[in-house]
Every structure is written in structure tokens, then in C-alpha cells.
>>> print(open('target.cif').read())   # mmCIF, C-alpha atoms and all ligand atoms
data_run
#
loop_
_atom_site.label_atom_id
_atom_site.label_comp_id
_atom_site.auth_asym_id
_atom_site.auth_seq_id
_atom_site.Cartn_x
_atom_site.Cartn_y
_atom_site.Cartn_z
CA MET X 8 25.29 6.87 18.00
CA THR X 9 23.19 7.92 15.03
CA PRO X 10 23.48 5.61 12.03
CA ASP X 11 24.55 6.79 8.57
CA LEU X 12 22.42 4.21 6.83
CA SER X 13 18.84 3.11 7.50
CA VAL X 14 17.53 0.00 5.77
CA VAL X 15 13.73 -0.27 5.63
CA ILE X 16 12.18 -3.69 4.98
CA PRO X 17 8.43 -4.40 4.76
CA VAL X 18 7.47 -7.86 5.96
CA TYR X 19 4.21 -9.65 5.27
CA ASN X 20 3.92 -13.37 5.98
CA GLU X 21 7.59 -14.06 5.36
CA GLU X 22 8.28 -16.58 8.14
CA ALA X 23 9.77 -19.07 5.70
CA GLY X 24 12.36 -16.66 4.34
CA LEU X 25 13.24 -14.43 7.29
CA PRO X 26 15.99 -16.64 8.79
CA ALA X 27 17.81 -16.66 5.43
CA LEU X 28 17.35 -12.89 5.16
CA PHE X 29 18.85 -12.28 8.60
CA ALA X 30 21.75 -14.61 7.80
CA ARG X 31 22.70 -12.60 4.70
CA LEU X 32 21.58 -9.07 5.49
CA TYR X 33 23.57 -8.43 8.66
CA PRO X 34 26.95 -9.68 7.38
CA ALA X 35 26.42 -7.66 4.18
CA LEU X 36 25.71 -4.51 6.19
CA ASP X 37 28.57 -5.14 8.62
CA ALA X 38 30.88 -5.44 5.62
CA LEU X 39 29.97 -1.93 4.46
CA GLY X 40 31.76 -0.47 7.46
CA VAL X 41 29.23 2.31 8.12
CA PRO X 42 27.01 2.65 11.17
CA TYR X 43 23.58 1.34 10.19
CA GLU X 44 20.16 0.43 11.46
CA VAL X 45 17.61 -1.99 10.04
CA ILE X 46 13.93 -1.13 10.40
CA PHE X 47 11.57 -4.02 9.80
CA VAL X 48 7.92 -3.15 9.39
CA ASN X 49 5.64 -6.08 10.02
CA ASP X 50 2.62 -5.40 7.83
CA GLY X 51 0.09 -7.39 9.86
CA SER X 52 1.54 -10.81 9.08
CA ARG X 53 -0.68 -13.70 10.09
CA ASP X 54 2.19 -16.17 10.40
CA ARG X 55 5.12 -16.19 12.83
CA SER X 56 6.94 -13.27 11.17
CA ALA X 57 6.35 -10.96 14.17
CA ALA X 58 7.84 -13.52 16.53
CA LEU X 59 10.86 -14.03 14.28
CA LEU X 60 11.40 -10.29 14.07
CA ARG X 61 11.24 -10.00 17.83
CA ALA X 62 13.83 -12.78 18.21
CA GLN X 63 16.05 -10.94 15.73
CA PHE X 64 15.59 -7.71 17.65
CA GLN X 65 16.72 -9.51 20.78
CA ALA X 66 19.75 -10.94 18.93
CA ARG X 67 20.88 -7.57 17.45
CA PRO X 68 19.15 -4.81 19.48
CA ASP X 69 22.01 -2.41 18.68
CA VAL X 70 21.09 -2.15 15.01
CA THR X 71 17.55 -3.56 14.76
CA ARG X 72 14.21 -1.81 15.12
CA VAL X 73 10.85 -3.40 14.52
CA ILE X 74 7.53 -1.70 13.85
CA LEU X 75 4.49 -3.92 14.21
CA PHE X 76 1.25 -2.88 12.50
CA ASN X 77 -2.10 -4.01 13.84
CA ALA X 78 -3.26 -5.06 10.35
CA ASN X 79 -2.20 -5.35 6.72
CA TYR X 80 -1.90 -1.94 5.03
CA GLY X 81 0.24 -2.83 2.04
CA GLN X 82 3.93 -2.70 1.19
CA HIS X 83 4.10 1.02 0.43
CA VAL X 84 2.35 2.13 3.61
CA ALA X 85 4.72 -0.13 5.55
CA ILE X 86 7.68 1.60 3.94
CA ILE X 87 6.24 5.02 4.82
CA ALA X 88 6.00 3.98 8.48
CA GLY X 89 9.70 3.11 8.31
CA PHE X 90 10.47 6.41 6.54
CA GLU X 91 8.78 8.35 9.34
CA ARG X 92 11.20 6.86 11.86
CA VAL X 93 14.55 6.59 10.08
CA ARG X 94 17.58 8.09 11.78
CA GLY X 95 20.15 7.67 9.01
CA GLU X 96 21.17 10.22 6.39
CA ARG X 97 20.74 7.62 3.66
CA VAL X 98 17.85 5.24 3.37
CA VAL X 99 17.74 1.97 1.45
CA THR X 100 14.59 -0.07 0.81
CA LEU X 101 14.69 -3.80 0.25
CA ASP X 102 12.23 -6.69 -0.08
CA ALA X 103 12.15 -9.27 2.68
CA ASP X 104 12.20 -12.27 0.34
CA LEU X 105 15.87 -11.90 -0.71
CA GLN X 106 14.88 -11.11 -4.30
CA ASN X 107 17.02 -8.01 -3.80
CA PRO X 108 20.47 -9.28 -2.74
CA PRO X 109 21.63 -7.24 0.29
CA GLU X 110 25.19 -7.50 -1.03
CA GLU X 111 24.16 -4.99 -3.73
CA ILE X 112 23.53 -2.16 -1.25
CA GLY X 113 27.16 -1.03 -1.58
CA LYS X 114 26.57 -0.23 -5.28
CA LEU X 115 23.70 2.08 -4.40
CA LEU X 116 25.76 3.87 -1.76
CA ALA X 117 28.65 4.30 -4.20
CA ALA X 118 26.27 6.08 -6.58
CA MET X 119 25.24 8.37 -3.72
CA ASP X 120 28.89 9.07 -2.95
CA ALA X 121 29.13 10.23 -6.56
CA GLY X 122 26.44 12.83 -5.92
CA ALA X 123 23.07 11.18 -6.50
CA ASP X 124 20.20 11.75 -4.09
CA TYR X 125 18.01 9.01 -5.58
CA VAL X 126 19.37 5.68 -6.77
CA GLY X 127 17.01 3.27 -8.53
CA GLY X 128 17.97 -0.37 -8.94
CA VAL X 129 17.52 -1.93 -12.36
CA ARG X 130 17.21 -5.70 -12.27
CA VAL X 131 19.56 -7.13 -14.87
CA ASN X 132 18.27 -10.68 -14.67
CA ARG X 133 14.72 -10.50 -13.46
CA GLU X 134 13.70 -13.81 -11.86
CA ASP X 135 9.92 -13.53 -12.07
CA ALA X 136 7.18 -15.19 -14.06
CA TRP X 137 7.04 -14.19 -17.74
CA TRP X 138 3.60 -12.56 -17.40
CA ARG X 139 4.86 -10.37 -14.55
CA ARG X 140 7.77 -9.24 -16.70
CA ALA X 141 5.52 -8.55 -19.70
CA ALA X 142 2.99 -6.61 -17.60
CA SER X 143 5.81 -4.57 -16.02
CA ARG X 144 7.19 -3.66 -19.42
CA LEU X 145 3.76 -2.48 -20.52
CA MET X 146 3.16 -0.40 -17.39
CA ASN X 147 6.66 1.05 -17.55
CA ARG X 148 5.97 2.25 -21.06
CA LEU X 149 2.55 3.67 -20.17
CA ARG X 150 3.96 5.53 -17.18
CA GLU X 151 6.78 6.98 -19.31
CA ARG X 152 4.16 8.47 -21.60
CA ILE X 153 1.77 9.98 -19.12
CA THR X 154 4.03 11.15 -16.28
CA ARG X 155 7.35 12.95 -16.10
CA ILE X 156 8.77 10.09 -14.05
CA ARG X 157 11.71 8.35 -15.73
CA MET X 158 12.51 4.94 -14.27
CA THR X 159 13.79 1.94 -16.16
CA ASP X 160 12.48 -0.56 -13.65
CA GLN X 161 9.72 0.83 -11.47
CA GLY X 162 9.03 -2.51 -9.83
CA CYS X 163 12.51 -2.86 -8.33
CA MET X 164 12.33 -1.96 -4.65
CA LEU X 165 16.09 -2.06 -4.11
CA ARG X 166 16.58 1.71 -4.01
CA ALA X 167 18.45 4.33 -2.04
CA TYR X 168 17.16 7.77 -1.10
CA SER X 169 18.65 10.77 0.61
CA ARG X 170 17.13 11.74 3.93
CA GLU X 171 15.62 14.88 2.36
CA ILE X 172 13.65 12.79 -0.13
CA VAL X 173 12.53 10.34 2.54
CA ASP X 174 11.31 13.18 4.75
CA ALA X 175 9.41 14.66 1.82
CA VAL X 176 7.76 11.29 1.09
CA ALA X 177 6.76 10.92 4.73
CA ALA X 178 5.38 14.45 4.77
CA ALA X 179 3.38 13.98 1.56
CA ARG X 180 0.46 12.42 3.48
CA GLU X 181 -0.58 10.31 0.50
CA VAL X 182 -2.89 7.47 1.41
CA SER X 183 -2.27 5.02 -1.38
CA THR X 184 0.91 5.65 -3.25
CA PHE X 185 3.85 4.13 -5.04
CA ILE X 186 7.03 5.05 -3.20
CA PRO X 187 9.64 4.87 -6.01
CA ALA X 188 7.54 7.21 -8.17
CA LEU X 189 6.61 9.62 -5.37
CA ALA X 190 10.23 9.81 -4.23
CA TYR X 191 11.33 10.45 -7.81
CA THR X 192 9.21 13.59 -7.97
CA PHE X 193 11.26 14.99 -5.07
CA ALA X 194 14.66 13.98 -6.44
CA TYR X 195 17.27 16.44 -7.61
CA ARG X 196 19.79 14.09 -9.13
CA PRO X 197 18.25 10.66 -9.76
CA VAL X 198 20.45 7.91 -11.19
CA GLU X 199 20.10 4.19 -11.83
CA VAL X 200 22.43 1.27 -11.20
CA GLU X 201 22.14 -2.32 -12.30
CA VAL X 202 21.50 -4.79 -9.51
CA LEU X 203 21.12 -8.53 -9.40
CA HIS X 204 17.78 -10.18 -8.81
CA GLU X 205 17.15 -13.59 -7.35
CA GLU X 206 14.26 -15.94 -7.03
CA ARG X 207 12.25 -15.72 -3.88
CA VAL X 208 14.06 -17.85 -1.23
CA ALA X 209 10.85 -19.15 0.31
CA GLY X 210 7.13 -18.54 0.44
CA GLU X 211 5.21 -17.05 -2.45
CA SER X 212 4.54 -13.62 -3.91
CA LYS X 213 2.20 -11.50 -1.81
CA TYR X 214 0.80 -9.89 -4.93
CA SER X 215 -2.20 -11.52 -6.55
CA LEU X 216 -3.14 -10.41 -10.06
CA TYR X 217 -5.87 -8.25 -8.49
CA LYS X 218 -3.47 -6.54 -6.08
CA LEU X 219 -1.06 -5.89 -8.94
CA ILE X 220 -3.82 -4.24 -10.97
CA ARG X 221 -4.76 -2.10 -7.95
CA LEU X 222 -1.12 -1.09 -7.48
CA ASN X 223 -0.89 -0.01 -11.10
CA PHE X 224 -4.05 2.09 -10.79
CA ASP X 225 -2.38 3.82 -7.82
CA LEU X 226 0.67 4.41 -9.93
CA VAL X 227 -1.30 5.90 -12.83
CA THR X 228 -4.00 7.87 -11.04
CA GLY X 229 -1.64 9.00 -8.30
CA PHE X 230 0.69 10.72 -10.70
CA SER X 231 -1.23 11.71 -13.78
CA LEU X 232 -4.51 13.23 -14.97
CA VAL X 233 -3.85 12.13 -18.55
CA PRO X 234 -6.26 9.14 -18.39
CA LEU X 235 -9.16 11.41 -17.47
CA GLN X 236 -8.20 13.97 -20.05
CA LEU X 237 -7.87 11.32 -22.76
CA PHE X 238 -11.37 10.23 -21.94
CA SER X 239 -12.92 13.57 -22.65
CA VAL X 240 -10.98 13.86 -25.90
CA PHE X 241 -12.04 10.34 -26.90
CA GLY X 242 -15.69 11.09 -26.05
CA MET X 243 -15.57 14.22 -28.12
CA ILE X 244 -14.17 12.42 -31.15
CA VAL X 245 -16.73 9.60 -30.88
CA ALA X 246 -19.60 12.09 -30.63
CA ALA X 247 -18.38 14.10 -33.62
CA VAL X 248 -17.83 11.03 -35.80
CA SER X 249 -21.25 9.56 -34.97
CA LEU X 250 -22.94 12.81 -35.83
CA VAL X 251 -21.26 12.90 -39.22
CA LEU X 252 -22.11 9.23 -39.84
CA TYR X 253 -25.71 9.83 -38.88
CA ALA X 254 -25.96 12.65 -41.39
CA VAL X 255 -24.38 10.47 -44.07
CA VAL X 256 -26.85 7.61 -43.43
CA ILE X 257 -29.86 9.94 -43.57
CA VAL X 258 -28.73 11.48 -46.81
CA GLU X 259 -27.87 8.07 -48.26
CA ARG X 260 -31.35 6.73 -47.44
CA ALA X 261 -33.12 9.76 -48.77
CA VAL X 262 -31.21 9.69 -52.03
CA LEU X 263 -30.72 5.96 -52.69
CA GLY X 264 -33.43 4.41 -50.51
CA GLY X 265 -31.16 1.57 -49.47
CA PHE X 266 -33.52 -0.08 -47.00
CA LEU X 267 -31.67 -3.39 -46.66
CA GLU X 268 -28.38 -1.64 -46.14
CA GLY X 269 -30.05 0.34 -43.40
CA VAL X 270 -31.09 -2.85 -41.58
CA LYS X 271 -27.59 -4.22 -41.82
CA ALA X 272 -26.17 -1.03 -40.41
CA LEU X 273 -28.48 -1.46 -37.42
CA TRP X 274 -26.89 -4.83 -36.67
CA ASP X 275 -23.43 -3.47 -36.88
CA ARG X 276 -24.42 -0.57 -34.74
CA ASP X 277 -25.40 -2.90 -31.88
CA ILE X 278 -21.88 -4.27 -31.71
CA LEU X 279 -20.50 -0.78 -31.81
CA ALA X 280 -22.93 0.22 -29.05
CA PHE X 281 -21.58 -2.51 -26.80
CA PHE X 282 -18.08 -1.27 -27.38
CA LEU X 283 -19.11 2.27 -26.56
CA ILE X 284 -21.02 1.19 -23.46
CA GLY X 285 -17.87 -0.62 -22.36
CA CYS X 286 -15.85 2.54 -22.91
CA THR X 287 -18.36 4.56 -20.92
CA MET X 288 -18.28 2.13 -18.03
CA PHE X 289 -14.48 2.18 -18.03
CA GLY X 290 -14.61 5.96 -18.04
CA VAL X 291 -16.99 6.03 -15.08
CA GLY X 292 -14.77 3.55 -13.25
CA LEU X 293 -11.73 5.67 -13.98
CA LEU X 294 -13.52 8.68 -12.58
CA GLY X 295 -14.30 6.58 -9.54
CA GLU X 296 -10.60 5.87 -9.09
CA TYR X 297 -9.87 9.56 -8.78
CA VAL X 298 -12.95 10.29 -6.68
CA GLY X 299 -11.95 7.39 -4.41
CA ARG X 300 -8.49 8.85 -3.96
CA ILE X 301 -9.99 12.22 -3.08
CA TYR X 302 -12.37 10.51 -0.64
CA GLN X 303 -9.56 8.61 1.08
CA GLN X 304 -7.53 11.77 1.29
CA VAL X 305 -10.23 14.05 2.74
CA ARG X 306 -11.16 11.53 5.45
CA GLU X 307 -7.72 12.13 6.93
CA ARG X 308 -7.68 8.88 8.80
CA PRO X 309 -4.34 7.64 10.08
CA ARG X 310 -2.61 5.73 7.32
CA TYR X 311 -1.79 2.87 9.67
CA VAL X 312 -2.01 1.87 13.31
CA ILE X 313 1.04 0.64 15.19
CA ARG X 314 0.60 -2.11 17.72
CA ALA X 315 4.14 -2.06 19.07
CA VAL X 316 7.60 -0.71 18.33
CA LEU X 317 10.64 -2.70 19.36
CA GLU X 318 13.71 -0.54 19.76
CA ARG X 319 16.39 -0.32 22.38
CA ASP X 320 15.86 3.18 23.64
CA GLY X 321 12.30 3.63 22.57
CA ASP X 322 8.95 2.54 23.83
CA ASP X 323 9.46 -1.20 23.67
CA LEU X 324 5.90 -2.29 24.18
CA GLU X 325 5.22 -5.86 25.17
CA LEU X 326 3.87 -8.24 22.57
CA PRO X 327 0.68 -10.11 23.37
CA ALA X 328 1.24 -13.53 24.95
CA ARG X 329 0.32 -15.23 21.69
CA ASP X 330 3.43 -13.86 19.93
CA VAL X 331 5.70 -14.50 22.89
CA ALA X 332 4.68 -18.15 22.77
CA HIS X 333 5.65 -18.15 19.11
CA VAL X 334 9.09 -16.83 19.98
CA ARG X 335 9.69 -19.77 22.29
CA GLU X 336 8.46 -22.15 19.61
CA THR X 337 11.03 -20.90 17.17
CA GLN X 338 14.01 -20.91 19.51
N1 LIG A 1 4.66 -6.89 1.43
C1 LIG A 1 4.08 -6.15 2.47
N2 LIG A 1 2.71 -6.02 2.50
C2 LIG A 1 1.89 -6.54 1.54
C3 LIG A 1 2.50 -7.25 0.47
C4 LIG A 1 3.89 -7.39 0.44
O1 LIG A 1 4.77 -5.68 3.36
O2 LIG A 1 0.69 -6.40 1.64
C5 LIG A 1 6.14 -7.04 1.39
C6 LIG A 1 6.64 -8.46 1.26
O3 LIG A 1 6.79 -9.08 2.52
C7 LIG A 1 7.98 -8.26 0.58
C8 LIG A 1 7.71 -7.06 -0.32
O4 LIG A 1 6.59 -6.38 0.25
O5 LIG A 1 8.98 -7.92 1.49
C9 LIG A 1 7.46 -7.44 -1.75
O6 LIG A 1 6.43 -8.41 -1.82
P1 LIG A 1 6.52 -9.65 -2.79
O7 LIG A 1 7.91 -10.24 -2.75
O8 LIG A 1 5.42 -10.60 -2.46
O9 LIG A 1 6.24 -8.98 -4.19
P2 LIG A 1 6.85 -9.43 -5.61
O10 LIG A 1 8.31 -9.68 -5.44
O11 LIG A 1 6.12 -10.64 -6.03
O12 LIG A 1 6.57 -8.24 -6.47
MG MG A 2 9.37 -10.53 -4.07
#
>>> encode(input="target.cif", output="C-alpha cells")
Amino acid sequence: MTPDLSVVIPVYNEEAGLPALFARLYPALDALGVPYEVIFVNDGSRDRSAALLRAQFQARPDVTRVILFNANYGQHVAIIAGFERVRGERVVTLDADLQNPPEEIGKLLAAMDAGADYVGGVRVNREDAWWRRAASRLMNRLRERITRIRMTDQGCMLRAYSREIVDAVAAAREVSTFIPALAYTFAYRPVEVEVLHEERVAGESKYSLYKLIRLNFDLVTGFSLVPLQLFSVFGMIVAAVSLVLYAVVIVERAVLGGFLEGVKALWDRDILAFFLIGCTMFGVGLLGEYVGRIYQQVRERPRYVIRAVLERDGDDLELPARDVAHVRETQ
């Protein structure tokens, strides 16, 4: 039987929280009363997550599929791997740490019943550190200005997509991307619904400050050329203003002979020079971001490598003995 609903969940080092996720996710999905499947994508976890997922597959093989990567490729690549294999007509994404309550999935589906093909969750009570919330607000605002993507809460991964959108995302062949934004560009009738947010049940965030910054560069450079264009405009203005200033200083010296003032201006200019050198370096780095994206894209390497897929009527490859031992440990 083909499912109506596919739930895609990326998993990276979530051994501490997975049992609680299983305990809440399956009853919540059963309660919806629609045929469903859950696709877990293990993103190269180094803990016992793979073993726990295998045990869960054995417990509910009728509705569970597990994709195991050979290494860590990042949350969004993991979701793409799930997208490439979904069977349902509707697809919901969810975090593995229970920050997105699975009981909220019904709200997303109701919005789809009402005609939406893209449903974004908006966290009403975001349970994250204050600096994460502040940084999100800033990036949300920046994105609003430089792209045509309209999302209230881009960081919320509790979202539902129609199969058409999911297929388009999978076909896009982007190497490093931001799924909610990419999917939005394919949406016909996007809507938003408010969803609850909870604290992580166990373990800690998989996003360091560095990874968050990288993710935001993907978001900006993957969807907009405005940063590059701003840079040329900024450079032009700086060049024009300096030329005018230079002319003013020369005339001022010739007419008034203000030698001391000239020396002072030299001092000030050094500080200004540092600022401008900083701007130049940022500009070169920004260029590098785009060039790097082009480089990744033209190499056309596979976006990920799958070590095994666990599914009932698929190629259920055997896990290495190491993971099997882990399964026994956890039972
Ligand atoms: N995740 C992943 N690969 C990564 C990092 C994270 O699959 O490299 C998964 C993680 O297991 C979780 C989701 O992506 O299911 C969101 O990660 P996390 O909760 O750490 O992010 P935060 O809530 O702090 O934004
Ligand atoms: Mg989380």
C-alpha cells in the first residue's frame, strides 16, 4: 500500500533522544488515521543512533524506512536523500530532537486540505537560547530584503510540502542548500501555521556558531546576488567620495597651506584605510562564497553516499558487525 504521508527526519548523534521520539512520533501518526511512512536519514552519526534506528525498523517495518549515510553531510542533504525516496503525496519534515512536537503534524495537514502546497511552521514559543533567537530575527529580516522568499520563521523545520515541490527540490541538484527556502521558490500556494516548540529532550544542538554562520551564507548566497551587487555599488561610492575628498584636500593645502591639518588627516586616513581594507577582504571572501558554490556545483560529485537502506521490500543491506553489536547492547 502506498502511504499518503511521508515524514522525513534527519538524525545526527541523537541516541539520547531517539527513544523518546519513537514513543511520541508513532502514536501521533497513528492518531492521524492516514497511511504513512517515516523515513529516518542517519547523517553519519558517531553514536548508537544507527543501531537504535535499526531496532526501530525491526519494531515497525511496515511504516519505517532508514537511510544510512557513510558520513556526515549536513541536515539539509539528509533531508534531500529522504525527499528522493518518499512515496507519499504529502511530505512533512521534522527534527529528531522533539523540538517540533509530532502532535502538531495534523495542523500542517489541515492547511494542505484547505489548498496549500507548502505549509511553514511558525514557532510561537521558541525554546532556544536568546542569541539564537536574536540571530534568527536578524537573518530573517536580511533574507526578506534580498530575496523574494517570504517566511516568518525560516529556522523552523516542522513543515509540510506537496509531492510536486519535494520532487522539484530533489531534482534541483543543489549541493549546499536550505530546504525551506528552496522549496518556497517552487510553491504555488504557501501558507504558515503556528506550531509549538519545545526544548530539546536530550543531547545538545548539532549547530556550532560556525556551522550556523555557514548555513546562513548558504541561505544568502544560494538565493540572492544582492550581496555581490551591493559590493560593486559600495566600491563605486567609496571611490567617488575619495576622489572628491582628495581634490578638496589638494585645493585646501594650496590655498591655505594648512600643513598641520594635513598631518592630522594622514592619521585619520590610516584608520579609514583599515576599514576599507576590511571591506575589501570581506568582498573578496564574499566572491569566494559564490565561486565556491560554482566549484562545488561543476564538480558534479554525488551529494552523499549511502551505506545501507533498511526497508521492508527494498534492498535491506546488512549493517557491519559493529552496529549489530550495538543493537544487542540496547535491547
Ligand atoms: N542534523 C543532521 N546533520 C547535521 C546536524 C543536524 O542531520 O549535521 C539533524 C539533527 O539530528 C536534528 C536536526 O538536524 O534532527 C536539527 O539539528 P539541531 O536540533 O541540532 O539544530 P537546532 O535545533 O539547534 O537548530
Ligand atoms: Mg533542535
>>> residues_near_ligand(input="target.cif", ligand="ligand MG 2 (chain A)", cutoff="12 Å", atoms="only C-alpha atoms and all ligand atoms", output="JSON, numbers by chain")
{"X": [16, 17, 18, 19, 20, 21, 24, 82, 101, 102, 103, 104, 105, 106, 107, 108, 133, 134, 135, 136, 139, 162, 163, 164, 165, 204, 205, 206, 207, 208, 209, 210, 211, 212, 213, 214, 215]}
>>> atom_distance(input="target.cif", atom1="atom CA of X:Gly127", atom2="atom CA of X:Tyr217")
25.6 Å
>>> closest_residue(input="target.cif", among="X:Arg180, X:Val262, X:Ala188, X:Leu219", to="X:Ser143", atoms="all atoms listed in the file")
X:Leu219
>>> closest_residue(input="target.cif", among="X:Trp137, X:Tyr43, X:Phe193, X:Tyr297", to="X:Ala179", atoms="all atoms listed in the file")
X:Phe193
>>> closest_residue(input="target.cif", among="X:Thr9, X:Ile112, X:Gln161, X:Gly40", to="ligand LIG 1 (chain A)", atoms="all atoms listed in the file")
X:Gln161
>>> residues_around(input="target.cif", residues="X:Met119", least_positions_apart="4", cutoff="9 Å", atoms="only C-alpha atoms", output="list in words")
Arg97, Lys114, Leu115, Ala123, Asp124, Tyr125, Val126, Ala167, Tyr168, Ser169 and Val198 of chain X
>>> atom_distance(input="target.cif", atom1="atom CA of X:Leu283", atom2="atom CA of X:Phe241")
10.7 Å
>>> residues_around(input="target.cif", residues="X:Leu293", least_positions_apart="3", cutoff="12 Å", atoms="all atoms listed in the file", output="VMD selection string")
chain X and resid 224 to 225 227 to 228 232 to 239 286 to 290 296 to 300
>>> atom_distance(input="target.cif", atom1="atom CA of X:Ser56", atom2="atom CA of X:Ala23")
8.5 Å
>>> residues_around(input="target.cif", residues="X:Thr100", least_positions_apart="6", cutoff="6 Å", atoms="only C-alpha atoms", output="PDB file with C-alpha atoms, in the frame of the given file")
ATOM      1  CA  VAL X  14      17.530   0.000   5.770  1.00  0.00           C
ATOM      2  CA  VAL X  15      13.730  -0.270   5.630  1.00  0.00           C
ATOM      3  CA  LEU X 165      16.090  -2.060  -4.110  1.00  0.00           C
ATOM      4  CA  ARG X 166      16.580   1.710  -4.010  1.00  0.00           C
TER       5      ARG X 166
END
>>> closest_residue(input="target.cif", among="X:Arg130, X:Arg152, X:Arg310, X:Lys218", to="ligand LIG 1 (chain A)", atoms="only C-alpha atoms and all ligand atoms")
X:Lys218
>>> axis_aligned_box(input="target.cif", around="stretch 227-231 of chain X", padding_each_side="6 Å", output="JSON")
{"center_x": -1.7, "center_y": 8.8, "center_z": -11.0, "size_x": 16.7, "size_y": 17.8, "size_z": 17.5}
